[in-house]
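Source file: query.pdb (PDB, C-alpha atoms)
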ATOM      1  CA  MET A   1     -91.825  -3.092 -53.531
ATOM      2  CA  ALA A   2     -92.895  -6.508 -52.295
ATOM      3  CA  SER A   3     -90.663  -8.248 -54.829
ATOM      4  CA  THR A   4     -87.702  -6.126 -53.706
ATOM      5  CA  LEU A   5     -88.239  -7.160 -50.097
ATOM      6  CA  VAL A   6     -88.483 -10.795 -51.157
ATOM      7  CA  ASP A   7     -85.266 -10.505 -53.157
ATOM      8  CA  ARG A   8     -83.446  -8.958 -50.200
ATOM      9  CA  HIS A   9     -84.746 -11.690 -47.905
ATOM     10  CA  ASN A  10     -83.609 -14.398 -50.318
ATOM     11  CA  LEU A  11     -80.202 -12.736 -50.621
ATOM     12  CA  LYS A  12     -79.781 -12.672 -46.839
ATOM     13  CA  GLN A  13     -80.813 -16.318 -46.598
ATOM     14  CA  HIS A  14     -78.348 -17.224 -49.331
ATOM     15  CA  LYS A  15     -75.496 -15.383 -47.586
ATOM     16  CA  LEU A  16     -76.397 -16.991 -44.261
ATOM     17  CA  LYS A  17     -76.459 -20.427 -45.866
ATOM     18  CA  ASN A  18     -73.077 -19.845 -47.518
ATOM     19  CA  ALA A  19     -71.599 -18.624 -44.230
ATOM     20  CA  THR A  20     -72.969 -21.682 -42.406
ATOM     21  CA  ASN A  21     -71.616 -24.026 -45.055
ATOM     22  CA  GLY A  22     -68.257 -22.255 -44.968
ATOM     23  CA  THR A  23     -68.054 -22.556 -41.185
ATOM     24  CA  ARG A  24     -69.029 -26.230 -41.320
ATOM     25  CA  HIS A  25     -66.478 -26.867 -44.072
ATOM     26  CA  SER A  26     -63.719 -25.107 -42.110
ATOM     27  CA  LYS A  27     -64.523 -27.178 -39.014
ATOM     28  CA  VAL A  28     -64.456 -30.387 -41.040
ATOM     29  CA  GLU A  29     -61.162 -29.346 -42.626
ATOM     30  CA  GLY A  30     -59.720 -28.496 -39.221
ATOM     31  CA  TRP A  31     -60.680 -31.868 -37.746
ATOM     32  CA  ARG A  32     -59.338 -33.603 -40.852
ATOM     33  CA  ARG A  33     -55.955 -32.003 -40.233
ATOM     34  CA  ARG A  34     -55.979 -32.578 -36.478
ATOM     35  CA  GLY A  35     -57.301 -36.129 -36.669
ATOM     36  CA  PRO A  36     -53.928 -37.862 -37.262
ATOM     37  CA  LEU A  37     -52.495 -36.023 -34.235
ATOM     38  CA  LEU A  38     -55.186 -37.175 -31.793
ATOM     39  CA  PRO A  39     -53.533 -40.549 -30.928
ATOM     40  CA  ALA A  40     -50.273 -38.759 -30.103
ATOM     41  CA  LEU A  41     -52.181 -36.198 -28.022
ATOM     42  CA  VAL A  42     -54.034 -38.901 -26.083
ATOM     43  CA  PHE A  43     -50.781 -40.812 -25.506
ATOM     44  CA  THR A  44     -49.049 -37.631 -24.273
ATOM     45  CA  ILE A  45     -51.890 -36.883 -21.853
ATOM     46  CA  ILE A  46     -51.803 -40.432 -20.462
ATOM     47  CA  VAL A  47     -48.029 -40.480 -20.068
ATOM     48  CA  THR A  48     -47.502 -36.953 -18.688
ATOM     49  CA  GLN A  49     -50.675 -35.372 -17.333
ATOM     50  CA  LEU A  50     -52.170 -38.327 -15.468
ATOM     51  CA  PRO A  51     -48.965 -38.960 -13.463
ATOM     52  CA  PHE A  52     -48.788 -35.238 -12.706
ATOM     53  CA  LEU A  53     -52.358 -35.305 -11.362
ATOM     54  CA  VAL A  54     -51.450 -38.296  -9.187
ATOM     55  CA  THR A  55     -48.399 -36.368  -7.944
ATOM     56  CA  ILE A  56     -50.643 -33.457  -6.966
ATOM     57  CA  TRP A  57     -52.872 -35.904  -5.072
ATOM     58  CA  TYR A  58     -49.832 -37.318  -3.249
ATOM     59  CA  SER A  59     -48.666 -33.798  -2.384
ATOM     60  CA  LEU A  60     -51.891 -33.159  -0.478
ATOM     61  CA  ARG A  61     -51.408 -36.154   1.824
ATOM     62  CA  ASN A  62     -49.127 -36.860   4.763
ATOM     63  CA  TRP A  63     -47.693 -40.091   3.381
ATOM     64  CA  ASN A  64     -44.440 -41.483   4.755
ATOM     65  CA  LEU A  65     -43.547 -45.073   3.882
ATOM     66  CA  LEU A  66     -42.115 -45.560   7.369
ATOM     67  CA  ARG A  67     -45.543 -44.720   8.821
ATOM     68  CA  PRO A  68     -48.067 -46.281   6.422
ATOM     69  CA  ASP A  69     -50.888 -45.914   8.934
ATOM     70  CA  GLY A  70     -50.467 -42.109   8.920
ATOM     71  CA  ASN A  71     -51.535 -41.668   5.299
ATOM     72  CA  GLN A  72     -54.147 -38.932   5.560
ATOM     73  CA  PHE A  73     -55.257 -35.777   3.774
ATOM     74  CA  THR A  74     -53.421 -32.640   4.977
ATOM     75  CA  GLY A  75     -54.259 -30.076   2.287
ATOM     76  CA  LEU A  76     -51.484 -27.573   1.604
ATOM     77  CA  GLN A  77     -49.486 -28.400   4.736
ATOM     78  CA  ASN A  78     -46.736 -30.120   2.729
ATOM     79  CA  TYR A  79     -46.238 -26.962   0.669
ATOM     80  CA  VAL A  80     -45.990 -24.870   3.825
ATOM     81  CA  ASP A  81     -43.448 -27.281   5.311
ATOM     82  CA  ILE A  82     -41.164 -27.348   2.279
ATOM     83  CA  PHE A  83     -41.013 -23.540   2.045
ATOM     84  CA  LEU A  84     -40.093 -23.446   5.736
ATOM     85  CA  ASP A  85     -37.360 -26.053   5.090
ATOM     86  CA  SER A  86     -33.941 -24.367   4.924
ATOM     87  CA  THR A  87     -32.493 -27.277   2.933
ATOM     88  CA  PHE A  88     -35.197 -26.834   0.293
ATOM     89  CA  ARG A  89     -34.358 -23.132   0.011
ATOM     90  CA  SER A  90     -30.620 -23.821  -0.267
ATOM     91  CA  SER A  91     -31.292 -26.511  -2.883
ATOM     92  CA  ALA A  92     -33.432 -24.043  -4.840
ATOM     93  CA  LEU A  93     -30.578 -21.522  -4.682
ATOM     94  CA  ASN A  94     -28.130 -24.171  -5.903
ATOM     95  CA  SER A  95     -30.489 -24.970  -8.788
ATOM     96  CA  ILE A  96     -30.511 -21.309  -9.797
ATOM     97  CA  ILE A  97     -26.726 -20.967  -9.501
ATOM     98  CA  ILE A  98     -26.000 -24.163 -11.423
ATOM     99  CA  THR A  99     -28.542 -23.405 -14.152
ATOM    100  CA  LEU A 100     -27.587 -19.780 -14.735
ATOM    101  CA  GLY A 101     -23.858 -20.478 -14.453
ATOM    102  CA  CYS A 102     -23.970 -23.404 -16.872
ATOM    103  CA  VAL A 103     -26.195 -21.688 -19.436
ATOM    104  CA  PHE A 104     -24.184 -18.449 -19.388
ATOM    105  CA  ALA A 105     -20.758 -20.116 -19.607
ATOM    106  CA  ALA A 106     -21.902 -22.619 -22.250
ATOM    107  CA  MET A 107     -23.421 -19.840 -24.356
ATOM    108  CA  VAL A 108     -20.289 -17.672 -24.212
ATOM    109  CA  LEU A 109     -18.026 -20.599 -25.119
ATOM    110  CA  GLY A 110     -20.502 -21.748 -27.770
ATOM    111  CA  ILE A 111     -20.407 -18.338 -29.456
ATOM    112  CA  ILE A 112     -16.599 -18.328 -29.407
ATOM    113  CA  PHE A 113     -16.304 -21.829 -30.887
ATOM    114  CA  ALA A 114     -19.006 -21.086 -33.467
ATOM    115  CA  LEU A 115     -17.120 -18.000 -34.639
ATOM    116  CA  LEU A 116     -13.952 -20.079 -34.978
ATOM    117  CA  LEU A 117     -15.768 -22.773 -36.982
ATOM    118  CA  ASP A 118     -17.572 -20.321 -39.258
ATOM    119  CA  ARG A 119     -14.701 -20.220 -41.696
ATOM    120  CA  LYS A 120     -12.886 -22.594 -44.004
ATOM    121  CA  PHE A 121      -9.710 -24.260 -42.780
ATOM    122  CA  ARG A 122      -8.009 -27.605 -43.170
ATOM    123  CA  GLY A 123      -9.468 -30.267 -40.864
ATOM    124  CA  GLN A 124     -12.650 -28.298 -40.215
ATOM    125  CA  GLY A 125     -14.813 -31.438 -40.250
ATOM    126  CA  VAL A 126     -12.573 -33.251 -37.758
ATOM    127  CA  VAL A 127     -12.485 -30.277 -35.390
ATOM    128  CA  ARG A 128     -16.255 -29.846 -35.574
ATOM    129  CA  THR A 129     -16.807 -33.531 -34.822
ATOM    130  CA  MET A 130     -14.457 -33.395 -31.819
ATOM    131  CA  LEU A 131     -16.223 -30.327 -30.431
ATOM    132  CA  ILE A 132     -19.650 -31.948 -30.814
ATOM    133  CA  THR A 133     -18.611 -35.228 -29.159
ATOM    134  CA  PRO A 134     -19.149 -34.163 -25.485
ATOM    135  CA  PHE A 135     -22.827 -33.540 -26.179
ATOM    136  CA  LEU A 136     -23.209 -37.084 -27.561
ATOM    137  CA  ILE A 137     -21.773 -38.743 -24.444
ATOM    138  CA  MET A 138     -24.278 -40.023 -21.887
ATOM    139  CA  PRO A 139     -24.488 -37.801 -18.773
ATOM    140  CA  VAL A 140     -23.560 -40.742 -16.523
ATOM    141  CA  ALA A 141     -20.414 -41.447 -18.557
ATOM    142  CA  GLY A 142     -19.515 -37.754 -18.654
ATOM    143  CA  ALA A 143     -19.963 -37.347 -14.894
ATOM    144  CA  THR A 144     -17.815 -40.438 -14.254
ATOM    145  CA  LEU A 145     -15.157 -39.125 -16.616
ATOM    146  CA  TRP A 146     -14.953 -35.782 -14.809
ATOM    147  CA  SER A 147     -15.082 -37.293 -11.343
ATOM    148  CA  VAL A 148     -12.390 -39.933 -11.940
ATOM    149  CA  SER A 149     -10.152 -38.753 -14.771
ATOM    150  CA  MET A 150     -10.340 -34.965 -14.514
ATOM    151  CA  LEU A 151     -10.987 -33.924 -10.907
ATOM    152  CA  ASN A 152      -9.534 -36.782  -8.893
ATOM    153  CA  PRO A 153      -7.291 -35.243  -6.175
ATOM    154  CA  SER A 154      -4.547 -37.844  -6.681
ATOM    155  CA  PHE A 155      -4.262 -38.441 -10.428
ATOM    156  CA  GLY A 156      -6.769 -36.067 -12.019
ATOM    157  CA  LEU A 157      -5.780 -34.199 -15.173
ATOM    158  CA  VAL A 158      -6.848 -30.814 -13.790
ATOM    159  CA  ASN A 159      -4.560 -31.134 -10.752
ATOM    160  CA  TRP A 160      -1.694 -32.203 -13.015
ATOM    161  CA  VAL A 161      -2.160 -29.076 -15.156
ATOM    162  CA  ILE A 162      -2.277 -26.674 -12.200
ATOM    163  CA  SER A 163       0.729 -28.416 -10.637
ATOM    164  CA  LEU A 164       2.793 -27.237 -13.616
ATOM    165  CA  VAL A 165       2.475 -23.667 -12.315
ATOM    166  CA  GLY A 166       3.108 -24.607  -8.685
ATOM    167  CA  ILE A 167      -0.475 -24.837  -7.408
ATOM    168  CA  PRO A 168      -0.962 -27.688  -4.901
ATOM    169  CA  PRO A 169      -3.520 -30.431  -5.644
ATOM    170  CA  VAL A 170      -7.155 -29.613  -4.895
ATOM    171  CA  ASP A 171      -9.918 -31.985  -3.877
ATOM    172  CA  TRP A 172     -12.385 -30.357  -6.245
ATOM    173  CA  THR A 173     -15.540 -32.333  -5.499
ATOM    174  CA  SER A 174     -15.140 -31.792  -1.743
ATOM    175  CA  SER A 175     -13.771 -28.242  -1.620
ATOM    176  CA  PHE A 176     -15.609 -26.797  -4.632
ATOM    177  CA  PRO A 177     -18.553 -29.128  -5.320
ATOM    178  CA  VAL A 178     -20.725 -26.647  -7.223
ATOM    179  CA  VAL A 179     -17.785 -25.543  -9.377
ATOM    180  CA  SER A 180     -16.989 -29.188 -10.144
ATOM    181  CA  ILE A 181     -20.553 -29.823 -11.275
ATOM    182  CA  LEU A 182     -20.493 -26.671 -13.398
ATOM    183  CA  MET A 183     -17.306 -27.846 -15.140
ATOM    184  CA  ALA A 184     -18.945 -31.107 -16.192
ATOM    185  CA  LEU A 185     -22.197 -29.419 -17.260
ATOM    186  CA  VAL A 186     -20.508 -26.658 -19.270
ATOM    187  CA  TRP A 187     -18.323 -29.253 -20.999
ATOM    188  CA  GLN A 188     -21.443 -31.195 -21.989
ATOM    189  CA  TRP A 189     -23.699 -28.297 -23.050
ATOM    190  CA  THR A 190     -21.222 -26.059 -24.896
ATOM    191  CA  PRO A 191     -21.452 -28.156 -28.111
ATOM    192  CA  PHE A 192     -25.244 -27.731 -28.105
ATOM    193  CA  THR A 193     -25.079 -23.941 -27.922
ATOM    194  CA  MET A 194     -22.232 -23.948 -30.441
ATOM    195  CA  LEU A 195     -24.390 -25.778 -32.998
ATOM    196  CA  LEU A 196     -27.280 -23.343 -32.542
ATOM    197  CA  VAL A 197     -25.064 -20.284 -32.881
ATOM    198  CA  LEU A 198     -23.220 -21.815 -35.854
ATOM    199  CA  ALA A 199     -26.568 -22.344 -37.593
ATOM    200  CA  GLY A 200     -27.344 -18.673 -37.008
ATOM    201  CA  LEU A 201     -23.973 -17.559 -38.348
ATOM    202  CA  GLN A 202     -24.352 -19.607 -41.515
ATOM    203  CA  SER A 203     -27.876 -18.297 -42.139
ATOM    204  CA  GLN A 204     -27.076 -14.585 -41.959
ATOM    205  CA  PRO A 205     -27.077 -12.729 -45.312
ATOM    206  CA  LYS A 206     -23.605 -12.423 -46.763
ATOM    207  CA  ASP A 207     -24.422  -9.194 -48.598
ATOM    208  CA  VAL A 208     -24.973  -7.435 -45.250
ATOM    209  CA  LEU A 209     -21.515  -8.474 -44.061
ATOM    210  CA  GLU A 210     -19.968  -7.371 -47.357
ATOM    211  CA  ALA A 211     -21.731  -3.995 -47.071
ATOM    212  CA  ALA A 212     -20.326  -3.563 -43.562
ATOM    213  CA  GLN A 213     -16.818  -4.345 -44.816
ATOM    214  CA  ILE A 214     -17.194  -1.873 -47.687
ATOM    215  CA  ASP A 215     -18.302   0.806 -45.220
ATOM    216  CA  GLY A 216     -15.072   0.226 -43.298
ATOM    217  CA  ALA A 217     -16.584  -1.353 -40.174
ATOM    218  CA  SER A 218     -14.109  -3.287 -38.049
ATOM    219  CA  TRP A 219     -14.643  -6.941 -37.104
ATOM    220  CA  GLY A 220     -15.738  -5.984 -33.610
ATOM    221  CA  LYS A 221     -18.312  -3.430 -34.780
ATOM    222  CA  THR A 222     -19.595  -5.818 -37.436
ATOM    223  CA  PHE A 223     -20.087  -8.535 -34.845
ATOM    224  CA  LEU A 224     -21.682  -6.174 -32.302
ATOM    225  CA  TRP A 225     -24.083  -4.336 -34.604
ATOM    226  CA  VAL A 226     -24.721  -6.827 -37.425
ATOM    227  CA  THR A 227     -23.975 -10.411 -36.380
ATOM    228  CA  LEU A 228     -25.116 -10.342 -32.753
ATOM    229  CA  PRO A 229     -28.637  -9.019 -33.511
ATOM    230  CA  GLN A 230     -28.928 -11.728 -36.165
ATOM    231  CA  LEU A 231     -27.989 -14.341 -33.537
ATOM    232  CA  ARG A 232     -30.498 -13.072 -30.954
ATOM    233  CA  ARG A 233     -33.176 -15.655 -31.775
ATOM    234  CA  TYR A 234     -30.690 -18.519 -31.728
ATOM    235  CA  ILE A 235     -29.190 -17.363 -28.439
ATOM    236  CA  GLU A 236     -32.638 -17.033 -26.854
ATOM    237  CA  LEU A 237     -33.582 -20.523 -28.051
ATOM    238  CA  GLY A 238     -30.329 -21.961 -26.677
ATOM    239  CA  VAL A 239     -30.872 -20.257 -23.313
ATOM    240  CA  LEU A 240     -34.453 -21.527 -23.113
ATOM    241  CA  LEU A 241     -33.667 -25.153 -23.983
ATOM    242  CA  GLY A 242     -30.531 -25.168 -21.857
ATOM    243  CA  THR A 243     -32.403 -23.807 -18.848
ATOM    244  CA  ILE A 244     -35.190 -26.387 -19.136
ATOM    245  CA  TYR A 245     -32.731 -29.272 -19.300
ATOM    246  CA  VAL A 246     -30.043 -28.084 -16.881
ATOM    247  CA  VAL A 247     -32.533 -27.231 -14.126
ATOM    248  CA  ASN A 248     -33.351 -30.969 -14.020
ATOM    249  CA  THR A 249     -29.721 -32.041 -13.592
ATOM    250  CA  PHE A 250     -29.360 -35.166 -11.487
ATOM    251  CA  ASP A 251     -26.685 -37.506 -12.885
ATOM    252  CA  GLN A 252     -23.703 -35.209 -12.363
ATOM    253  CA  ILE A 253     -24.688 -34.376  -8.786
ATOM    254  CA  TYR A 254     -25.425 -37.974  -7.858
ATOM    255  CA  LEU A 255     -22.164 -39.371  -9.271
ATOM    256  CA  MET A 256     -19.738 -36.517  -8.561
ATOM    257  CA  THR A 257     -20.719 -35.114  -5.151
ATOM    258  CA  ALA A 258     -23.818 -37.030  -3.956
ATOM    259  CA  GLY A 259     -25.197 -33.629  -3.013
ATOM    260  CA  GLY A 260     -22.384 -33.064  -0.530
ATOM    261  CA  PRO A 261     -20.558 -32.178   1.482
ATOM    262  CA  GLY A 262     -23.798 -32.485   3.411
ATOM    263  CA  THR A 263     -26.295 -30.776   1.109
ATOM    264  CA  ALA A 264     -23.913 -28.087  -0.175
ATOM    265  CA  SER A 265     -24.286 -29.098  -3.833
ATOM    266  CA  ALA A 266     -27.800 -30.579  -3.813
ATOM    267  CA  ASN A 267     -30.246 -29.071  -6.274
ATOM    268  CA  LEU A 268     -34.014 -29.520  -6.258
ATOM    269  CA  PRO A 269     -34.208 -32.770  -8.299
ATOM    270  CA  PHE A 270     -31.544 -34.371  -6.094
ATOM    271  CA  TYR A 271     -33.210 -33.170  -2.888
ATOM    272  CA  ILE A 272     -36.535 -34.567  -4.132
ATOM    273  CA  TYR A 273     -34.755 -37.892  -4.665
ATOM    274  CA  GLN A 274     -33.383 -37.756  -1.132
ATOM    275  CA  ARG A 275     -36.773 -37.022   0.406
ATOM    276  CA  ALA A 276     -38.530 -39.740  -1.598
ATOM    277  CA  PHE A 277     -36.023 -42.611  -1.672
ATOM    278  CA  LEU A 278     -33.920 -41.931   1.429
ATOM    279  CA  GLY A 279     -36.400 -40.155   3.697
ATOM    280  CA  PHE A 280     -39.430 -42.098   2.323
ATOM    281  CA  ASP A 281     -41.546 -38.936   2.611
ATOM    282  CA  ILE A 282     -43.727 -39.260  -0.469
ATOM    283  CA  GLY A 283     -45.994 -36.347   0.408
ATOM    284  CA  GLN A 284     -43.258 -33.708   0.726
ATOM    285  CA  ALA A 285     -41.317 -35.095  -2.256
ATOM    286  CA  ALA A 286     -44.466 -34.840  -4.392
ATOM    287  CA  ALA A 287     -45.055 -31.274  -3.199
ATOM    288  CA  MET A 288     -41.479 -30.343  -4.157
ATOM    289  CA  GLY A 289     -41.971 -31.928  -7.571
ATOM    290  CA  VAL A 290     -45.134 -29.931  -8.177
ATOM    291  CA  VAL A 291     -43.367 -26.698  -7.208
ATOM    292  CA  VAL A 292     -40.468 -27.459  -9.567
ATOM    293  CA  VAL A 293     -42.824 -28.244 -12.466
ATOM    294  CA  ILE A 294     -44.850 -25.070 -11.946
ATOM    295  CA  ALA A 295     -41.695 -22.924 -11.712
ATOM    296  CA  THR A 296     -40.302 -24.509 -14.888
ATOM    297  CA  ILE A 297     -43.582 -23.899 -16.761
ATOM    298  CA  ILE A 298     -43.626 -20.235 -15.691
ATOM    299  CA  ILE A 299     -40.016 -19.680 -16.794
ATOM    300  CA  ALA A 300     -40.541 -21.538 -20.081
ATOM    301  CA  THR A 301     -43.742 -19.616 -20.850
ATOM    302  CA  PHE A 302     -42.049 -16.278 -20.209
ATOM    303  CA  ALA A 303     -39.050 -17.236 -22.362
ATOM    304  CA  LEU A 304     -41.257 -18.535 -25.185
ATOM    305  CA  ARG A 305     -43.179 -15.260 -25.261
ATOM    306  CA  LEU A 306     -39.915 -13.377 -25.637
ATOM    307  CA  ILE A 307     -38.821 -15.669 -28.469
ATOM    308  CA  PHE A 308     -42.156 -15.450 -30.314
ATOM    309  CA  ARG A 309     -42.131 -11.685 -29.896
ATOM    310  CA  SER A 310     -38.688 -11.505 -31.494
ATOM    311  CA  PHE A 311     -39.909 -13.630 -34.427
ATOM    312  CA  ASP A 312     -42.958 -11.385 -34.873
ATOM    313  CA  THR A 313     -40.797  -8.274 -34.921
ATOM    314  CA  LYS A 314     -39.872  -7.192 -38.435
ATOM    315  CA  ASP A 315     -36.153  -6.866 -39.066
TER     316      ASP A 315
END

Would you write out, as structure tokens, the structure that this file holds?
Amino acid sequence: MASTLVDRHNLKQHKLKNATNGTRHSKVEGWRRRGPLLPALVFTIIVTQLPFLVTIWYSLRNWNLLRPDGNQFTGLQNYVDIFLDSTFRSSALNSIIITLGCVFAAMVLGIIFALLLDRKFRGQGVVRTMLITPFLIMPVAGATLWSVSMLNPSFGLVNWVISLVGIPPVDWTSSFPVVSILMALVWQWTPFTMLLVLAGLQSQPKDVLEAAQIDGASWGKTFLWVTLPQLRRYIELGVLLGTIYVVNTFDQIYLMTAGGPGTASANLPFYIYQRAFLGFDIGQAAAMGVVVVIATIIIATFALRLIFRSFDTKD
């Protein structure tokens, strides 16, 4: 009886020792894998998180460069002031309109162009290269191109085209500033969504499409019930990345409309620029920047959860 108890005790000690060694080995293995990434992590924290913490500190102070002696702690007063600012609210609305309009239009056009390119035809490589080119052009160059060559009221290409059907010239950037910005953004971001959707089209199983054809399904039904569900993950990824980038649009607004007329086409990044570099109000500009970052993180987190959920779902 005593020997049995001793054997059981030794067995428990042996299992506990093995479990401890296994845990220690797993921790060592985990640090061995994470070790090479630590320098990049430290660099990222220094470059991104420390400036963000400084921005939060600025946002809690009443700091205007025109009144350097008035730099004092005000708590959340800057946040209260910006939400009471009608220009901030209109700029936030413009950010939503520009972002949603650009992402939706670019995604629709991207799907159409991807469907056209997902087949063999003569000159396919040349056409694909030409369609990708707008995404490779710098935003400053693209905004200048649209402002001068396309939408100029005197010699712009768009006015020349509409004049062929008897429509008088339009001063696009003054009469329709948000629409003008959307034209330039959609032109730049459509190739990006097209590439994502084209990757999804070329990765879908061909036997499923052949089975649909054998069953007599039309092209429209095949696209709606077979191809579109396959493209869901790629579309969601394109919407997420497009939203994160387009919401920070600055170049097109600065070069095409300068936020005008007045503040009719100003979005949040441009209004932050105006408050910081034209109004010299560092405190309120920092508060606006913090609000924009937090809103972007919330939207990105929600979208990422949807994407990960779709990847976890079994087809």

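With all atoms listed in the file as the basis for measurement, A:Ala287 is the residue among A:Arg305, A:Trp63, A:Ala287, A:Ala212 that approaches Asp81 in chain A most closely.
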
Could you state which residues are captured by the PyMOL selection byres ((chain A and resi 52) around 12) in this file, as an MDAnalysis selection string? chainID A and resid 44:51 53:59 286:287 289:294

Between CA of Leu278 in chain A and CA of Ile253 in chain A lies a distance of 15.7 Å

- Task: Show me as a PyMOL selection string the residues that reach within 12 Å of (-7.4, -33.5, -14.8), counting only C-alpha atoms and using the file's own coordinates.
- Result: chain A and resi 145-163+169-172+180+183-184

Hey, what's within 8 Å of Leu196 in chain A if we count only C-alpha atoms and toss same-chain stuff fewer than 4 positions away? As a PDB file with C-alpha atoms, in the frame of the given file, please?
ATOM      1  CA  PHE A 192     -25.244 -27.731 -28.105  1.00  0.00           C
ATOM      2  CA  GLY A 200     -27.344 -18.673 -37.008  1.00  0.00           C
ATOM      3  CA  TYR A 234     -30.690 -18.519 -31.728  1.00  0.00           C
ATOM      4  CA  ILE A 235     -29.190 -17.363 -28.439  1.00  0.00           C
ATOM      5  CA  GLY A 238     -30.329 -21.961 -26.677  1.00  0.00           C
TER       6      GLY A 238
END

Using all atoms listed in the file, the shortest atom-to-atom distance to Leu255 in chain A among A:Gly101, A:Pro139, A:Gly242, A:Gly35 belongs to A:Pro139

Please expand the PyMOL selection byres ((chain A and resi 86-98) around 10) into the concrete residues it hits in this file, giving the result as a ChimeraX atom specification. /A:81-85,99-104,178-179,181-182,185-186,243,246-249,259,263-272,288,292

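Taken over the shown file, the PyMOL selection byres ((chain A and resi 135) around 7) identifies A:Ile132, A:Thr133, A:Pro134, A:Leu136, A:Ile137, A:Gln188, A:Trp189, A:Pro191, A:Phe192.
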
note - CA of Ile307 in chain A and CA of Leu228 in chain A are separated by 15.3 Å

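Each of A:Thr129, A:Ser203, A:Ser175, A:Thr296 was checked against Pro261 in chain A using all atoms listed in the file; the smallest atom-to-atom distance is that of A:Ser175.
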
Would you compute an axis-aligned box for range 70-81 of chain A, covering every atom listed for it in the file with 6 Å of margin on each side, and report centre and edge lengths in Å to one decimal as lines of an AutoDock Vina configuration file?
center_x = -49.4
center_y = -33.5
center_z = 4.8
size_x = 23.8
size_y = 29.2
size_z = 20.3

Env of Pro229 in chain A: 12 Å cut, atoms = only C-alpha atoms, seq-sep filter 6 positions within chain, self excluded. Answer as JSON, numbers by chain. {"A": [197, 200, 201, 204, 221, 222, 223, 235, 236, 310, 315]}

Mind dumping the selected residues with C-alpha atoms as a PDB file, keeping the file's coordinate frame?
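out.pdb was written with the following content:
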ATOM      1  CA  VAL A 197     -25.064 -20.284 -32.881  1.00  0.00           C
ATOM      2  CA  GLY A 200     -27.344 -18.673 -37.008  1.00  0.00           C
ATOM      3  CA  LEU A 201     -23.973 -17.559 -38.348  1.00  0.00           C
ATOM      4  CA  GLN A 204     -27.076 -14.585 -41.959  1.00  0.00           C
ATOM      5  CA  LYS A 221     -18.312  -3.430 -34.780  1.00  0.00           C
ATOM      6  CA  THR A 222     -19.595  -5.818 -37.436  1.00  0.00           C
ATOM      7  CA  PHE A 223     -20.087  -8.535 -34.845  1.00  0.00           C
ATOM      8  CA  ILE A 235     -29.190 -17.363 -28.439  1.00  0.00           C
ATOM      9  CA  GLU A 236     -32.638 -17.033 -26.854  1.00  0.00           C
ATOM     10  CA  SER A 310     -38.688 -11.505 -31.494  1.00  0.00           C
ATOM     11  CA  ASP A 315     -36.153  -6.866 -39.066  1.00  0.00           C
TER      12      ASP A 315
END

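We find CA of Ile282 in chain A and CA of Gly70 in chain A to be spaced 11.9 Å apart.
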
Q.
Residues near range 118-123 of chain A, anyone? I mean within 8 Å using all atoms listed in the file, not counting same-chain ones fewer than 3 positions away, as a PyMOL selection string.
A. chain A and resi 114-115+126-127+198+201-202

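Using only C-alpha atoms, the smallest distance between any of A:Arg275, A:Ala295, A:Leu131, A:Thr190 and Ala106 in chain A comes from A:Thr190.
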
Kindly add N, CA and C atoms to the incomplete range 250-260 of chain A and provide the output as a PDB file, keeping the file's coordinate frame.
ATOM      1  N   PHE A 250     -29.412 -34.200 -12.592  1.00  0.00           N
ATOM      2  CA  PHE A 250     -29.360 -35.166 -11.487  1.00  0.00           C
ATOM      3  C   PHE A 250     -28.111 -36.033 -11.549  1.00  0.00           C
ATOM      4  N   ASP A 251     -27.776 -36.532 -12.747  1.00  0.00           N
ATOM      5  CA  ASP A 251     -26.685 -37.506 -12.885  1.00  0.00           C
ATOM      6  C   ASP A 251     -25.364 -36.975 -12.352  1.00  0.00           C
ATOM      7  N   GLN A 252     -24.996 -35.767 -12.770  1.00  0.00           N
ATOM      8  CA  GLN A 252     -23.703 -35.209 -12.363  1.00  0.00           C
ATOM      9  C   GLN A 252     -23.621 -35.038 -10.842  1.00  0.00           C
ATOM     10  N   ILE A 253     -24.700 -34.584 -10.237  1.00  0.00           N
ATOM     11  CA  ILE A 253     -24.688 -34.376  -8.786  1.00  0.00           C
ATOM     12  C   ILE A 253     -24.623 -35.712  -8.055  1.00  0.00           C
ATOM     13  N   TYR A 254     -25.389 -36.672  -8.525  1.00  0.00           N
ATOM     14  CA  TYR A 254     -25.425 -37.974  -7.858  1.00  0.00           C
ATOM     15  C   TYR A 254     -24.071 -38.674  -7.932  1.00  0.00           C
ATOM     16  N   LEU A 255     -23.401 -38.617  -9.076  1.00  0.00           N
ATOM     17  CA  LEU A 255     -22.164 -39.371  -9.271  1.00  0.00           C
ATOM     18  C   LEU A 255     -20.928 -38.612  -8.819  1.00  0.00           C
ATOM     19  N   MET A 256     -20.949 -37.285  -8.861  1.00  0.00           N
ATOM     20  CA  MET A 256     -19.738 -36.517  -8.561  1.00  0.00           C
ATOM     21  C   MET A 256     -19.660 -36.088  -7.098  1.00  0.00           C
ATOM     22  N   THR A 257     -20.771 -35.646  -6.525  1.00  0.00           N
ATOM     23  CA  THR A 257     -20.719 -35.114  -5.151  1.00  0.00           C
ATOM     24  C   THR A 257     -21.743 -35.746  -4.225  1.00  0.00           C
ATOM     25  N   ALA A 258     -22.727 -36.468  -4.762  1.00  0.00           N
ATOM     26  CA  ALA A 258     -23.818 -37.030  -3.956  1.00  0.00           C
ATOM     27  C   ALA A 258     -24.504 -35.945  -3.134  1.00  0.00           C
ATOM     28  N   GLY A 259     -24.543 -34.740  -3.699  1.00  0.00           N
ATOM     29  CA  GLY A 259     -25.197 -33.629  -3.013  1.00  0.00           C
ATOM     30  C   GLY A 259     -24.374 -33.003  -1.917  1.00  0.00           C
ATOM     31  N   GLY A 260     -23.191 -33.514  -1.655  1.00  0.00           N
ATOM     32  CA  GLY A 260     -22.384 -33.064  -0.530  1.00  0.00           C
ATOM     33  C   GLY A 260     -21.332 -32.045  -0.909  1.00  0.00           C
TER      34      GLY A 260
END
